[in-house]
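Chemist: First, the structure itself, so that you have it in front of you.
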Amino acid sequence: LLLLAMESIISWNIANANGLLGRKTDDPDFVKIISSSDIICLQETGDEVRLPGYESFSNLRKSGKGGGVTTLVRRHLANYCTTLEQRLPDGSMNIIVTKLSLQGDIILIINTYIPPSNSKGKGLPNCSLKNFENLHKVVSNLREDNSGLLLLFGDLNARLGS
């Protein structure tokens with residue numbers, strides 16, 4: 001039933017909501033592309049993103065620079081949403097989990113951003129094995145505590161080879 005209420009999901013690394021050319025939500029082309037979806041997972045937002053007709057759930061870096069994730073949920077689905085707090089001890093990655101629940105159907109949407117190995121964030125671990133171990137713990141804990149579908153979206157900055 002929940003899947004029938006949801007038509008589409010999009011995930012996009014927007015490389016800062018307030019780009020060089022202005023706020024991305026002021027760009028009609030950007031809004032047209034993302035607003036065709038019921039659920040929007042954005043990475044590297046740098047700031048909270050709001051869009052008319054959507055509820056916004058964010059996990060931002062305390063420094064306010066770079067990183068950050070926002071999940072936007074169309075209002076007709078937002079009544080069935082809760083966010084599950086995910087605090088990671090080192091603050092190296094951003095993650096937000098949105099739980100949609102309707103008449104026994106559950107969908108968990110994980111939206112995450114892991115900085116690349118060449119990240120310039122001062123004092124923050126970058127794309128290291130530790131980040132993937134933390135992500136694995138989050139997913140494992142969610143699977144233990146919840147039934148239903150689990151969807152993972154994000155920019156993991158995973159690289160193969162050199």
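Letters for chains follow the order of the structure tokens (A, B, ...), residue numbers begin at 1 for each chain, and ligand numbers begin at 1 in the order shown.
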Please provide as a tab-separated table (two decimals) with C-alpha atoms, in the first residue's frame all residues within 10 Å of region 40-51 of chain A, with the sequence filter that same-chain residues fewer than 3 positions apart are discarded (counting only C-alpha atoms).

Modeler:
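Output file part00.tsv is given in full below:
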```tsv
chain	number	residue	atom	x	y	z
A	8	SER	CA	9.23	7.98	-7.34
A	9	ILE	CA	12.40	8.72	-5.40
A	10	ILE	CA	15.40	10.73	-6.59
A	11	SER	CA	18.88	11.00	-5.08
A	12	TRP	CA	21.29	13.77	-6.06
A	13	ASN	CA	24.54	15.26	-4.78
A	14	ILE	CA	23.78	18.94	-5.31
A	15	ALA	CA	27.24	20.21	-4.25
A	16	ASN	CA	25.87	23.02	-2.04
A	17	ALA	CA	22.30	24.34	-1.92
A	18	ASN	CA	23.67	27.87	-2.20
A	19	GLY	CA	25.89	27.49	-5.26
A	23	ARG	CA	20.19	29.16	-4.25
A	24	LYS	CA	19.37	26.00	-6.19
A	25	THR	CA	15.71	26.05	-5.16
A	26	ASP	CA	15.43	29.40	-7.00
A	31	VAL	CA	12.99	22.54	-9.08
A	34	ILE	CA	13.46	17.23	-8.35
A	35	SER	CA	9.80	18.09	-7.74
A	36	SER	CA	8.69	15.31	-10.06
A	37	SER	CA	9.53	12.90	-7.20
A	54	TYR	CA	7.49	19.03	0.93
A	55	GLU	CA	8.55	18.41	4.51
A	56	SER	CA	12.30	18.74	5.04
A	57	PHE	CA	14.46	16.49	7.23
A	58	SER	CA	18.16	17.38	7.48
A	59	ASN	CA	21.42	16.34	9.09
A	60	LEU	CA	24.01	19.08	8.62
A	61	ARG	CA	27.61	19.53	9.68
A	63	SER	CA	30.57	23.76	11.01
A	64	GLY	CA	27.95	24.63	8.38
A	65	LYS	CA	30.51	24.05	5.64
A	66	GLY	CA	30.12	21.32	3.06
A	67	GLY	CA	28.57	17.93	3.58
A	68	GLY	CA	25.06	17.64	4.91
A	69	VAL	CA	22.05	15.68	3.76
A	70	THR	CA	18.40	16.61	3.37
A	71	THR	CA	15.49	14.30	2.65
A	72	LEU	CA	12.37	15.99	1.29
A	73	VAL	CA	9.06	14.12	1.53
A	74	ARG	CA	5.95	15.23	-0.34
A	94	ASN	CA	26.07	12.80	7.57
A	95	ILE	CA	23.17	10.38	7.75
A	96	ILE	CA	19.42	10.69	8.17
A	109	ILE	CA	15.07	5.45	3.66
A	110	ILE	CA	18.71	6.08	4.51
A	111	ASN	CA	20.26	9.22	3.04
A	112	THR	CA	24.00	9.60	3.67
A	113	TYR	CA	27.09	11.51	2.65
A	114	ILE	CA	30.62	10.23	3.29
A	115	PRO	CA	33.41	12.73	2.54
A	152	LEU	CA	20.03	3.24	0.89
A	153	PHE	CA	20.73	6.47	-1.01
A	154	GLY	CA	23.68	8.79	-0.89
A	155	ASP	CA	27.11	9.77	-2.00
A	156	LEU	CA	29.49	7.24	-0.47
```

Chemist: May I have all residues of region 21-131 of chain A that DSSP, computed from the backbone, assigns to helix (DSSP H, G or I), given as a list in words?

Modeler: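 Residues meeting the helix (DSSP H, G or I) criterion: Lys24, Thr25, Asp26, Pro28, Asp29, Phe30, Val31, Lys32, Ile33, Ile34, Arg75, His76, Leu77, Ala78, Leu129, Lys130 and Asn131 of chain A.
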
Chemist: Give me a file of those residues, with N, CA and C atoms, as a PDB file, in the first residue's frame.

Modeler:
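Output file part_2.pdb is given in full below:
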```pdb
ATOM      1  N   LYS A  24      19.840  26.954  -5.183  1.00  0.00           N
ATOM      2  CA  LYS A  24      19.373  25.997  -6.193  1.00  0.00           C
ATOM      3  C   LYS A  24      17.850  25.924  -6.263  1.00  0.00           C
ATOM      4  N   THR A  25      17.186  26.127  -5.128  1.00  0.00           N
ATOM      5  CA  THR A  25      15.714  26.054  -5.156  1.00  0.00           C
ATOM      6  C   THR A  25      15.097  27.285  -5.822  1.00  0.00           C
ATOM      7  N   ASP A  26      15.913  28.263  -6.203  1.00  0.00           N
ATOM      8  CA  ASP A  26      15.429  29.400  -6.996  1.00  0.00           C
ATOM      9  C   ASP A  26      15.598  29.145  -8.496  1.00  0.00           C
ATOM     10  N   PRO A  28      14.453  27.357 -11.674  1.00  0.00           N
ATOM     11  CA  PRO A  28      13.264  26.616 -12.111  1.00  0.00           C
ATOM     12  C   PRO A  28      13.578  25.255 -12.729  1.00  0.00           C
ATOM     13  N   ASP A  29      14.712  25.121 -13.393  1.00  0.00           N
ATOM     14  CA  ASP A  29      15.062  23.826 -13.985  1.00  0.00           C
ATOM     15  C   ASP A  29      15.358  22.794 -12.900  1.00  0.00           C
ATOM     16  N   PHE A  30      16.101  23.200 -11.879  1.00  0.00           N
ATOM     17  CA  PHE A  30      16.409  22.313 -10.756  1.00  0.00           C
ATOM     18  C   PHE A  30      15.113  21.876 -10.067  1.00  0.00           C
ATOM     19  N   VAL A  31      14.255  22.836  -9.769  1.00  0.00           N
ATOM     20  CA  VAL A  31      12.989  22.544  -9.083  1.00  0.00           C
ATOM     21  C   VAL A  31      12.123  21.616  -9.928  1.00  0.00           C
ATOM     22  N   LYS A  32      12.086  21.841 -11.232  1.00  0.00           N
ATOM     23  CA  LYS A  32      11.278  20.997 -12.123  1.00  0.00           C
ATOM     24  C   LYS A  32      11.753  19.542 -12.080  1.00  0.00           C
ATOM     25  N   ILE A  33      13.068  19.356 -12.086  1.00  0.00           N
ATOM     26  CA  ILE A  33      13.615  17.995 -12.067  1.00  0.00           C
ATOM     27  C   ILE A  33      13.307  17.301 -10.752  1.00  0.00           C
ATOM     28  N   ILE A  34      13.615  17.946  -9.629  1.00  0.00           N
ATOM     29  CA  ILE A  34      13.462  17.235  -8.353  1.00  0.00           C
ATOM     30  C   ILE A  34      12.005  17.129  -7.900  1.00  0.00           C
ATOM     31  N   ARG A  75       4.235  16.305   0.989  1.00  0.00           N
ATOM     32  CA  ARG A  75       3.353  16.477   2.154  1.00  0.00           C
ATOM     33  C   ARG A  75       2.317  15.372   2.331  1.00  0.00           C
ATOM     34  N   HIS A  76       1.785  14.813   1.243  1.00  0.00           N
ATOM     35  CA  HIS A  76       0.766  13.770   1.420  1.00  0.00           C
ATOM     36  C   HIS A  76       1.356  12.499   2.031  1.00  0.00           C
ATOM     37  N   LEU A  77       2.681  12.349   2.001  1.00  0.00           N
ATOM     38  CA  LEU A  77       3.342  11.213   2.635  1.00  0.00           C
ATOM     39  C   LEU A  77       3.939  11.572   3.993  1.00  0.00           C
ATOM     40  N   ALA A  78       4.155  12.847   4.228  1.00  0.00           N
ATOM     41  CA  ALA A  78       4.850  13.299   5.438  1.00  0.00           C
ATOM     42  C   ALA A  78       4.125  12.905   6.723  1.00  0.00           C
ATOM     43  N   LEU A 129      37.613   3.377   6.073  1.00  0.00           N
ATOM     44  CA  LEU A 129      36.919   2.140   6.401  1.00  0.00           C
ATOM     45  C   LEU A 129      35.983   2.346   7.591  1.00  0.00           C
ATOM     46  N   LYS A 130      36.367   3.203   8.529  1.00  0.00           N
ATOM     47  CA  LYS A 130      35.551   3.474   9.719  1.00  0.00           C
ATOM     48  C   LYS A 130      34.152   3.985   9.329  1.00  0.00           C
ATOM     49  N   ASN A 131      34.085   4.852   8.318  1.00  0.00           N
ATOM     50  CA  ASN A 131      32.784   5.355   7.872  1.00  0.00           C
ATOM     51  C   ASN A 131      31.896   4.223   7.363  1.00  0.00           C
TER      52      ASN A 131
END
```

Chemist: May I have all residues of chain A that DSSP, computed from the backbone, assigns to strand (DSSP E or B), given as a ChimeraX atom specification?

Modeler: /A:9-13,18-19,22-23,39-43,54-59,69-74,81-84,94-102,105-113,149-155

Chemist: Quote the spacing between CA of Lys99 (chain A) and CA of Ala158 (chain A) in Å to one decimal place.

Modeler: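 Distance between the two atoms: 25.4 Å.
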
Chemist: Taking only C-alpha atoms into account, name the residue in A:Glu133, A:Thr83, A:Ser92, A:Asp38 that is nearest to Lys62 (chain A).

Modeler: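 With only C-alpha atoms as the atom set, the closest residue is A:Ser92.
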